[in-house]
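Remarks on the structure that follows.
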Protein chains: 2
Amino acid sequence: MRNIMMTLAYDGTFYHGFQKQKGTALKTVQQELETALGILSAEEVTVYGSGRTDAGVHAEGQVINFHTTSRIPVERFPLAVNSLLPRDIVVSEARDVTEDFHARYSAKRKTYRYTIYNAPYLSPFWRHYAYHVPVSLDAGRMETAAASFLGAHDFRGFCAKDTAVTDFTRTIYSCSVEKHGPLLIISVEGDGFLYNMVRIMAGTLLEIGQNKREIDNIAFLLKKGDRKQAGMTLPPQGLCLYSVGYPDL
Amino acid sequence: MRNIMMTLAYDGTFYHGFQKQKGTALKTVQQELETALGILSAEEVTVYGSGRTDAGVHAEGQVINFHTTSRIPVERFPLAVNSLLPRDIVVSEARDVTEDFHARYSAKRKTYRYTIYNAPYLSPFWRHYAYHVPVSLDAGRMETAAASFLGAHDFRGFCAKDTAVTDFTRTIYSCSVEKHGPLLIISVEGDGFLYNMVRIMAGTLLEIGQNKREIDNIAFLLKKGDRKQAGMTLPPQGLCLYSVGYPDL
């Protein structure tokens, strides 16, 4: 069996997240991919994603893999599968990988971006891709505070309560806040992320930008480990899975 | 009666253009504005736009005006009307103007942008906002050729045939082609535009970028005045009414 890895972008607005919802008719990215790849290869295909994304969350560089007996040359896969996918899911790359590659278990790094639209009125072009904050924000405070996330920490205070995870330690390699006109882009790269972690980190940084929290509050929250004391979970549409990193690729 | 001017942005994807379609239930931007302003002012409102935009065409800076007896302070209008409008139409500014101001007849300049997404695969985030060209384009040739449009010309060769216009002379103040990653943005500023004029200009520049036409072909087409010899009319989703200029404002 071949093992094929694909990189894809999707606009998550009209999907109930990445992951297939068994026993429902809800539209998911995984289901669309399995349907398209099933038609293309004339066999049943199971898609493994690097991780799920929630309803309304986007991806610039989600990575998946699947096994197939198809003999279609790998360089033809993107165009062929795109012709069978809806236009809000687009495969940009496909490659043959070794048998042991798994999009989720082989992943070493992930980068997410959270976009805030900071202006009195939300541009109609950003309504599905950013969280609107009409009050003024101090991006400098947010950028300074973001550095507190760097390194290995116990992130149980930045994790949705309904999680089955037992190890809450994650390492953050970079966390920055950039301003481009009305857009504030929070970029976070780490070895992995807990459920809702980026959206809670962004919500906490937002409150620091609004002067509702001290700049050094994050260090305290990381030590405390109490979800109730961290910031709000920002809504899904501002979140985008930007890229996933693998060794030897 | 007050005369109020408003600047607005809209995502034209789900509208049958700006202009109200009498005797139909088709969704138009003008109709949405008249409905929202009618509720707000508790009187019937007629909206005058700087010009119509076709189905699927967007606006960053459309300008309209309307007459009203409402006493709502002008600075409250944007927030109030936005709360009544769908999220894909957003008013960013309102001001009281003199009685003789008319969004269409007072307009002195308009700027349009046409966006081409030039990469093998179309990003899902640009599917409604750009025209996808997968083959490689020579942006330098397009930029050089664009200068031929500058000045006053008879644009009958760059106008859809079904027009009632008799004076085809328009003056172009600037016409540029800029590359930002996969995006090619054609910006055109002029004293006015004929029906489909920007989309035909963009279609002709595109063929120059594909080496299907000579760089000096535009001067010939302007002299010739034959629509059939100019380039194709590019599709609406790449077009955006960027701004409208008025004297003394």
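Identifiers in the structure tokens: chain A, B, ... in order shown; residue index from 1 per chain; ligand index from 1 in order shown.
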Using DSSP on the backbone, list every residue of region 82-149 of chain A that comes out as strand (DSSP E or B), and give them as a count of residues only.
20
Using only C-alpha atoms, which residues sit within 12 Å of Asp248 (chain A) once same-chain residues fewer than 2 positions away are excluded, as a PDB file with all heavy atoms, in the first residue's frame?
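Output contents, as saved in around.pdb:
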```pdb
ATOM      1  N   VAL A  97       5.085   9.003   1.093  1.00  0.00           N
ATOM      2  CA  VAL A  97       5.898   8.971   2.312  1.00  0.00           C
ATOM      3  C   VAL A  97       6.053   7.525   2.778  1.00  0.00           C
ATOM      4  O   VAL A  97       5.352   6.626   2.284  1.00  0.00           O
ATOM      5  CB  VAL A  97       5.274   9.845   3.436  1.00  0.00           C
ATOM      6  CG1 VAL A  97       5.477  11.329   3.132  1.00  0.00           C
ATOM      7  CG2 VAL A  97       3.796   9.538   3.638  1.00  0.00           C
ATOM      8  N   THR A  98       6.978   7.329   3.693  1.00  0.00           N
ATOM      9  CA  THR A  98       7.222   5.967   4.183  1.00  0.00           C
ATOM     10  C   THR A  98       6.030   5.474   5.002  1.00  0.00           C
ATOM     11  O   THR A  98       5.247   6.259   5.530  1.00  0.00           O
ATOM     12  CB  THR A  98       8.489   5.920   5.050  1.00  0.00           C
ATOM     13  OG1 THR A  98       8.377   6.923   6.059  1.00  0.00           O
ATOM     14  CG2 THR A  98       9.730   6.198   4.200  1.00  0.00           C
ATOM     15  N   PHE A 101       4.886   6.940   8.405  1.00  0.00           N
ATOM     16  CA  PHE A 101       4.443   8.331   8.558  1.00  0.00           C
ATOM     17  C   PHE A 101       2.971   8.389   8.952  1.00  0.00           C
ATOM     18  O   PHE A 101       2.119   7.742   8.343  1.00  0.00           O
ATOM     19  CB  PHE A 101       4.646   9.121   7.258  1.00  0.00           C
ATOM     20  CG  PHE A 101       4.135  10.538   7.363  1.00  0.00           C
ATOM     21  CD1 PHE A 101       4.943  11.559   7.846  1.00  0.00           C
ATOM     22  CD2 PHE A 101       2.815  10.849   7.010  1.00  0.00           C
ATOM     23  CE1 PHE A 101       4.469  12.855   7.967  1.00  0.00           C
ATOM     24  CE2 PHE A 101       2.324  12.144   7.133  1.00  0.00           C
ATOM     25  CZ  PHE A 101       3.153  13.148   7.612  1.00  0.00           C
ATOM     26  N   SER A 106       3.385  11.683  13.778  1.00  0.00           N
ATOM     27  CA  SER A 106       4.722  12.106  13.332  1.00  0.00           C
ATOM     28  C   SER A 106       4.934  13.617  13.474  1.00  0.00           C
ATOM     29  O   SER A 106       6.059  14.090  13.326  1.00  0.00           O
ATOM     30  CB  SER A 106       4.935  11.710  11.865  1.00  0.00           C
ATOM     31  OG  SER A 106       4.686  10.341  11.657  1.00  0.00           O
ATOM     32  N   ALA A 107       3.866  14.357  13.719  1.00  0.00           N
ATOM     33  CA  ALA A 107       3.968  15.830  13.779  1.00  0.00           C
ATOM     34  C   ALA A 107       4.837  16.272  14.948  1.00  0.00           C
ATOM     35  O   ALA A 107       4.695  15.768  16.061  1.00  0.00           O
ATOM     36  CB  ALA A 107       2.579  16.445  13.894  1.00  0.00           C
ATOM     37  N   LYS A 108       5.759  17.194  14.696  1.00  0.00           N
ATOM     38  CA  LYS A 108       6.671  17.670  15.735  1.00  0.00           C
ATOM     39  C   LYS A 108       6.342  19.105  16.171  1.00  0.00           C
ATOM     40  O   LYS A 108       6.674  19.521  17.272  1.00  0.00           O
ATOM     41  CB  LYS A 108       8.125  17.634  15.227  1.00  0.00           C
ATOM     42  CG  LYS A 108       8.686  16.226  15.095  1.00  0.00           C
ATOM     43  CD  LYS A 108       8.955  15.595  16.466  1.00  0.00           C
ATOM     44  CE  LYS A 108       9.375  14.130  16.355  1.00  0.00           C
ATOM     45  NZ  LYS A 108       8.636  13.273  17.296  1.00  0.00           N
ATOM     46  N   GLY A 245       4.735  20.845  11.240  1.00  0.00           N
ATOM     47  CA  GLY A 245       6.110  20.479  10.912  1.00  0.00           C
ATOM     48  C   GLY A 245       6.421  19.030  11.244  1.00  0.00           C
ATOM     49  O   GLY A 245       5.955  18.511  12.263  1.00  0.00           O
ATOM     50  N   TYR A 246       7.199  18.378  10.352  1.00  0.00           N
ATOM     51  CA  TYR A 246       7.594  16.987  10.550  1.00  0.00           C
ATOM     52  C   TYR A 246       9.113  16.888  10.409  1.00  0.00           C
ATOM     53  O   TYR A 246       9.718  17.653   9.669  1.00  0.00           O
ATOM     54  CB  TYR A 246       6.916  16.103   9.481  1.00  0.00           C
ATOM     55  CG  TYR A 246       5.414  16.110   9.614  1.00  0.00           C
ATOM     56  CD1 TYR A 246       4.654  17.055   8.930  1.00  0.00           C
ATOM     57  CD2 TYR A 246       4.766  15.207  10.445  1.00  0.00           C
ATOM     58  CE1 TYR A 246       3.275  17.095   9.062  1.00  0.00           C
ATOM     59  CE2 TYR A 246       3.391  15.239  10.594  1.00  0.00           C
ATOM     60  CZ  TYR A 246       2.652  16.178   9.896  1.00  0.00           C
ATOM     61  OH  TYR A 246       1.302  16.209  10.058  1.00  0.00           O
TER      62      TYR A 246
END
```
For chain B against chain A, with a cut-off of 9 Å and counting only C-alpha atoms, what is the closest atom pair and its distance in Å to one decimal for every residue that makes the cut, ordered by chain and number, as a Markdown table?
```
| residue | atom | partner | partner_atom | distance |
| --- | --- | --- | --- | --- |
| B:Ala9 | CA | A:Pro124 | CA | 6.7 |
| B:Tyr10 | CA | A:Pro124 | CA | 5.9 |
| B:Asp11 | CA | A:Pro124 | CA | 5.9 |
| B:Glu60 | CA | A:Ser123 | CA | 8.5 |
| B:Pro78 | CA | A:Tyr121 | CA | 8.5 |
| B:Leu79 | CA | A:Tyr121 | CA | 7.9 |
| B:Asn82 | CA | A:Tyr121 | CA | 8.6 |
| B:Arg87 | CA | A:Pro124 | CA | 6.3 |
| B:Asp88 | CA | A:Pro124 | CA | 4.7 |
| B:Ile89 | CA | A:Pro124 | CA | 6.1 |
| B:Val90 | CA | A:Pro124 | CA | 6.3 |
| B:Val91 | CA | A:Tyr121 | CA | 7.8 |
| B:Ser92 | CA | A:Tyr121 | CA | 6.4 |
| B:Pro120 | CA | A:Ser92 | CA | 8.2 |
| B:Tyr121 | CA | A:Ser92 | CA | 6.4 |
| B:Leu122 | CA | A:Val90 | CA | 7.3 |
| B:Ser123 | CA | A:Val90 | CA | 6.7 |
| B:Pro124 | CA | A:Asp88 | CA | 4.6 |
| B:Phe125 | CA | A:Asp11 | CA | 6.2 |
| B:Arg127 | CA | A:Arg87 | CA | 7.2 |
```
May I have the residues within 12 Å of Leu239 (chain A) as JSON, numbers by chain, using only C-alpha atoms and disregarding those fewer than 5 positions away in the same chain?
{"A": [10, 11, 12, 13, 53, 54, 55, 56, 57, 58, 59, 60, 111, 112, 113, 114, 115, 116, 128, 129, 130, 131, 185, 186, 187, 188, 196, 197, 198, 199, 200, 201, 202, 203, 233, 234]}
Write out the residues from the selection above, keeping N, CA and C atoms, as a compact mmCIF listing (two decimals), in the first residue's frame.
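Result saved to out_13.txt:
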```txt
# COMPACT_ATOMS: atom_id res chain seq x y z
N TYR A 10 -8.22 25.04 3.99
CA TYR A 10 -9.68 25.09 3.89
C TYR A 10 -10.25 26.27 4.64
N ASP A 11 -11.36 26.74 4.11
CA ASP A 11 -12.17 27.77 4.74
C ASP A 11 -13.19 27.01 5.59
N GLY A 12 -13.03 27.07 6.90
CA GLY A 12 -13.85 26.24 7.79
C GLY A 12 -15.24 26.78 8.06
N THR A 13 -15.57 27.92 7.46
CA THR A 13 -16.84 28.60 7.77
C THR A 13 -18.05 27.67 7.69
N THR A 53 -9.75 20.33 13.75
CA THR A 53 -10.02 21.75 13.96
C THR A 53 -11.52 21.86 14.20
N ASP A 54 -11.92 22.80 15.06
CA ASP A 54 -13.33 22.95 15.42
C ASP A 54 -14.14 23.60 14.29
N ALA A 55 -15.44 23.56 14.42
CA ALA A 55 -16.35 24.21 13.47
C ALA A 55 -15.96 25.68 13.33
N GLY A 56 -15.83 26.14 12.10
CA GLY A 56 -15.52 27.55 11.86
C GLY A 56 -14.05 27.89 11.87
N VAL A 57 -13.19 26.95 12.31
CA VAL A 57 -11.74 27.17 12.32
C VAL A 57 -11.19 26.84 10.93
N HIS A 58 -10.20 27.61 10.49
CA HIS A 58 -9.64 27.48 9.15
C HIS A 58 -8.28 26.79 9.16
N ALA A 59 -7.80 26.45 7.97
CA ALA A 59 -6.45 25.91 7.85
C ALA A 59 -5.79 26.46 6.60
N GLU A 60 -4.53 26.87 6.74
CA GLU A 60 -3.70 27.23 5.57
C GLU A 60 -2.85 26.01 5.21
N THR A 111 1.92 25.40 13.97
CA THR A 111 1.79 26.84 14.09
C THR A 111 0.34 27.24 13.85
N TYR A 112 -0.21 27.99 14.79
CA TYR A 112 -1.56 28.53 14.64
C TYR A 112 -1.48 30.05 14.56
N ARG A 113 -2.47 30.64 13.89
CA ARG A 113 -2.60 32.10 13.92
C ARG A 113 -3.99 32.46 14.40
N TYR A 114 -4.04 33.44 15.27
CA TYR A 114 -5.35 33.96 15.67
C TYR A 114 -5.41 35.43 15.22
N THR A 115 -6.45 35.77 14.46
CA THR A 115 -6.55 37.10 13.87
C THR A 115 -7.66 37.91 14.54
N ILE A 116 -7.27 39.10 15.01
CA ILE A 116 -8.22 40.04 15.61
C ILE A 116 -8.35 41.23 14.66
N HIS A 128 -15.66 36.30 8.46
CA HIS A 128 -15.49 34.86 8.72
C HIS A 128 -14.07 34.49 9.13
N TYR A 129 -13.16 35.49 9.17
CA TYR A 129 -11.73 35.16 9.34
C TYR A 129 -11.05 35.90 10.48
N ALA A 130 -11.82 36.62 11.28
CA ALA A 130 -11.22 37.37 12.38
C ALA A 130 -12.26 37.60 13.46
N TYR A 131 -11.76 37.92 14.67
CA TYR A 131 -12.63 38.30 15.77
C TYR A 131 -12.60 39.82 15.85
N ILE A 185 -2.31 40.00 14.44
CA ILE A 185 -2.14 38.57 14.21
C ILE A 185 -1.26 37.97 15.30
N ILE A 186 -1.87 37.05 16.06
CA ILE A 186 -1.15 36.33 17.11
C ILE A 186 -0.69 35.00 16.50
N SER A 187 0.63 34.78 16.43
CA SER A 187 1.16 33.53 15.88
C SER A 187 1.81 32.73 17.01
N VAL A 188 1.46 31.46 17.10
CA VAL A 188 2.00 30.60 18.16
C VAL A 188 2.51 29.31 17.54
N ASN A 196 -8.65 23.99 22.76
CA ASN A 196 -8.95 25.42 22.90
C ASN A 196 -7.77 26.26 23.41
N MET A 197 -6.60 25.67 23.48
CA MET A 197 -5.45 26.35 24.08
C MET A 197 -5.12 27.68 23.39
N VAL A 198 -5.05 27.68 22.06
CA VAL A 198 -4.68 28.93 21.35
C VAL A 198 -5.77 29.99 21.54
N ARG A 199 -7.03 29.57 21.53
CA ARG A 199 -8.12 30.53 21.68
C ARG A 199 -8.15 31.13 23.09
N ILE A 200 -7.72 30.35 24.10
CA ILE A 200 -7.66 30.89 25.47
C ILE A 200 -6.42 31.78 25.63
N MET A 201 -5.29 31.37 25.02
CA MET A 201 -4.09 32.22 25.04
C MET A 201 -4.41 33.57 24.38
N ALA A 202 -5.09 33.53 23.24
CA ALA A 202 -5.43 34.77 22.52
C ALA A 202 -6.39 35.63 23.35
N GLY A 203 -7.33 34.96 24.03
CA GLY A 203 -8.29 35.69 24.86
C GLY A 203 -7.61 36.37 26.05
N THR A 233 -12.30 32.19 25.99
CA THR A 233 -12.01 31.44 24.77
C THR A 233 -12.52 32.27 23.60
N LEU A 234 -11.63 32.79 22.77
CA LEU A 234 -12.10 33.60 21.65
C LEU A 234 -12.81 32.72 20.62
```
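As for CA of Thr204 (chain B) and CA of Ile172 (chain B), they are spaced 15.8 Å apart.
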How many Å lie between CA of Glu75 (chain B) and CA of Lys20 (chain B), rounded to one decimal?
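CA of Lys20 (chain B) lies 26.6 Å from CA of Glu75 (chain B).
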Check the smallest atom-to-atom distance from each of B:Leu150, B:Leu221, B:Leu40, B:Val244 to Ser176 (chain B) using only C-alpha atoms, then report the winner.
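Residue with the minimum atom-to-atom distance to Ser176 (chain B): B:Leu150.
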By how many Å are CA of Ala42 (chain A) and CA of Glu99 (chain A) apart?
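Value for the CA of Ala42 (chain A)-CA of Glu99 (chain A) distance: 20.9 Å.
For Lys179 (chain B), the list of residues within 10 Å, based on only C-alpha atoms and with local chain neighbours fewer than 2 positions off taken out, reads Thr115, Ile116, Tyr117, Asn118, Ala139, Gly140, Glu143, Val177, Gly181, Pro182, Leu183, Leu184, Ile185 and Ile186 of chain B.
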